[in-house]
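For reference, the structure is listed below as structure tokens.
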Amino acid sequence: MSDGTFLRYVALGDSQTEGVGDGDDTVGLRGWADRLAELLARDEPDVLYANLAVRGRLSGQVRAEQLAPALALRPDLATVVAGVNDLLRPGFDPEETAGHLEAMFAALTGQGARVATLTFPDVGVLIPVARPLGSRVRDLNELIREAARQHGVTVSEAAQHPVVTDPRMWSVDRLHASPLGHERIAASVAHALGLPGSDDSWSRPLPPPPLPPLTGPRAAVAEVRWAGAFLGPWLGRRLRGRSSGDGRRAKRPELSPVTAFPGLSSPTGDGHR
């Protein structure tokens, strides 16, 4: 809305927007989009919120599965965050991925919604074996910025601040934000949108950690354990043609008041993230 008040917020995306890393499938997922909805409701209690995001979705799947339902809800604010699952695939095409994002930007802004998105941090800083993906992240971020400029989309430039790669901002799998990370993402989007009470404090470094980072053999052992717990299962799903989102549904498919976040209903599928 032109005065900066939003009454109908719809979130589109993958696992980050669904809230993986902030809660779990037993107690429910919160996540940055839920936290942003809470910030909206702080100043406008009548705001309604829907979250269509589903983990594991590629940008083309987000467009195919979530755009039409989002448009039907006629949001005045929408967030569109997708593309990380694409850039992790061997056949990643940055132009194709950005094209799906731009199509969603165009459709939502064309209907009158204010749209916001994010740039992505370099996953290689968090996952050493993913360092070759750094150029992919940079290419995709630049294409996101260009598509956003074309359609008047607000961009939270989270990727430009060192705090986003602080390990404490990420869950143990290093692919999904921790509760603190989700909180900072929500604050970054609120600041980019100019919401009342928002500022740039989200971008400031965290206090020094109580313990120094692991080095030498201990760091190598930690990497092996991480690979066994997270990289191996992820690769296994890829080889089987499976997705962490198989059998899952959006946790808030309809607009509803921002009062409580029960998380996912009982999911079907293999239960892997």
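Within each chain, counting starts at residue 1; across the structure tokens, chains are named A, B, ... in the order shown, with ligands numbered 1 upward in that order.
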Taking 2 positions as the minimum chain separation for residues in the same chain, which residues sit within 10 Å of range 63-77 of chain A when counting only C-alpha atoms? Answer as a VMD selection string. chain A and resid 1 to 2 4 to 13 48 to 54 57 to 61 79 to 80 82 100 to 105 107 to 109 111 to 116 193 250 253 to 255
Using DSSP secondary structure from the backbone, list all helix (DSSP H, G or I) positions within range 97-187 of chain A, as a ChimeraX atom specification. /A:97-110,123-126,128-151,158-160,162-165,167-169,179-187
Only C-alpha atoms, please: the residues just picked out, written as a compact mmCIF listing (two decimals), in the first residue's frame.
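Wrote it out as result35.txt, contents follow:
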# COMPACT_ATOMS: atom_id res chain seq x y z
CA THR A 97 16.68 -19.30 -12.54
CA ALA A 98 16.57 -15.51 -12.64
CA GLY A 99 13.96 -15.74 -15.40
CA HIS A 100 11.60 -17.62 -13.09
CA LEU A 101 12.17 -15.05 -10.36
CA GLU A 102 11.61 -12.16 -12.74
CA ALA A 103 8.36 -13.70 -13.98
CA MET A 104 7.10 -13.82 -10.39
CA PHE A 105 8.28 -10.25 -9.77
CA ALA A 106 6.45 -9.06 -12.89
CA ALA A 107 3.20 -10.86 -12.12
CA LEU A 108 3.00 -9.75 -8.50
CA THR A 109 4.03 -6.13 -9.05
CA GLY A 110 1.75 -6.00 -12.09
CA VAL A 123 27.78 -20.79 0.68
CA GLY A 124 31.46 -21.63 0.23
CA VAL A 125 32.33 -19.58 3.31
CA LEU A 126 30.23 -21.93 5.41
CA PRO A 128 34.42 -25.47 2.24
CA VAL A 129 33.54 -28.13 -0.34
CA ALA A 130 31.08 -25.64 -1.88
CA ARG A 131 33.69 -22.97 -2.57
CA PRO A 132 33.51 -23.54 -6.36
CA LEU A 133 29.90 -22.35 -6.19
CA GLY A 134 30.96 -18.81 -5.27
CA SER A 135 30.79 -17.57 -8.86
CA ARG A 136 27.30 -19.03 -9.21
CA VAL A 137 26.12 -17.09 -6.17
CA ARG A 138 27.61 -13.86 -7.49
CA ASP A 139 26.05 -14.36 -10.94
CA LEU A 140 22.62 -15.13 -9.50
CA ASN A 141 22.74 -12.18 -7.11
CA GLU A 142 23.54 -9.78 -9.94
CA LEU A 143 20.68 -11.14 -12.05
CA ILE A 144 18.32 -10.84 -9.07
CA ARG A 145 19.33 -7.20 -8.65
CA GLU A 146 18.74 -6.50 -12.34
CA ALA A 147 15.33 -8.20 -12.35
CA ALA A 148 14.39 -6.30 -9.21
CA ARG A 149 15.38 -2.98 -10.80
CA GLN A 150 13.23 -3.79 -13.83
CA HIS A 151 10.12 -4.31 -11.71
CA ALA A 158 21.98 -9.35 3.13
CA ALA A 159 24.81 -10.88 1.14
CA GLN A 160 26.93 -7.75 1.45
CA PRO A 162 29.92 -10.25 6.89
CA VAL A 163 27.55 -11.17 9.72
CA VAL A 164 25.48 -13.34 7.37
CA THR A 165 28.31 -15.88 7.22
CA PRO A 167 28.34 -19.74 11.82
CA ARG A 168 25.96 -18.77 14.61
CA MET A 169 23.55 -17.45 11.99
CA PRO A 179 16.64 -19.01 14.82
CA LEU A 180 19.03 -16.06 15.18
CA GLY A 181 19.63 -16.09 11.43
CA HIS A 182 15.90 -16.12 10.67
CA GLU A 183 15.44 -13.23 13.10
CA ARG A 184 18.11 -11.19 11.32
CA ILE A 185 16.71 -12.00 7.87
CA ALA A 186 13.28 -10.75 8.95
CA ALA A 187 14.86 -7.59 10.34
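Proximity to Thr259 in chain A was assessed for A:Glu38, A:Asp93, A:Glu18, A:Asp25 counting only C-alpha atoms; the smallest distance is recorded for A:Glu38.
Among the candidate residues A:His161, A:Arg252, A:Pro90, A:Glu44, the one lying nearest to Arg204 in chain A is A:His161, with distances computed using only C-alpha atoms.
Closest approach to Leu40 in chain A among A:Gly194, A:Pro205, A:Leu211, A:Arg174: A:Gly194, based on only C-alpha atoms.
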Between CA of Asp24 in chain A and CA of Ser201 in chain A, what is the spacing in Å? 27.1 Å
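Between CA of Pro121 in chain A and CA of Arg30 in chain A the separation is 21.2 Å.
Minimum atom-to-atom distances from A:Asp46, A:Gln16, A:Gly21, A:Leu195 to Phe120 in chain A were compared using only C-alpha atoms, and the lowest value belongs to A:Gln16.
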I'd like the interatomic distance between CA of Glu95 in chain A and CA of Gly56 in chain A, to a tenth of an Å. 19.8 Å
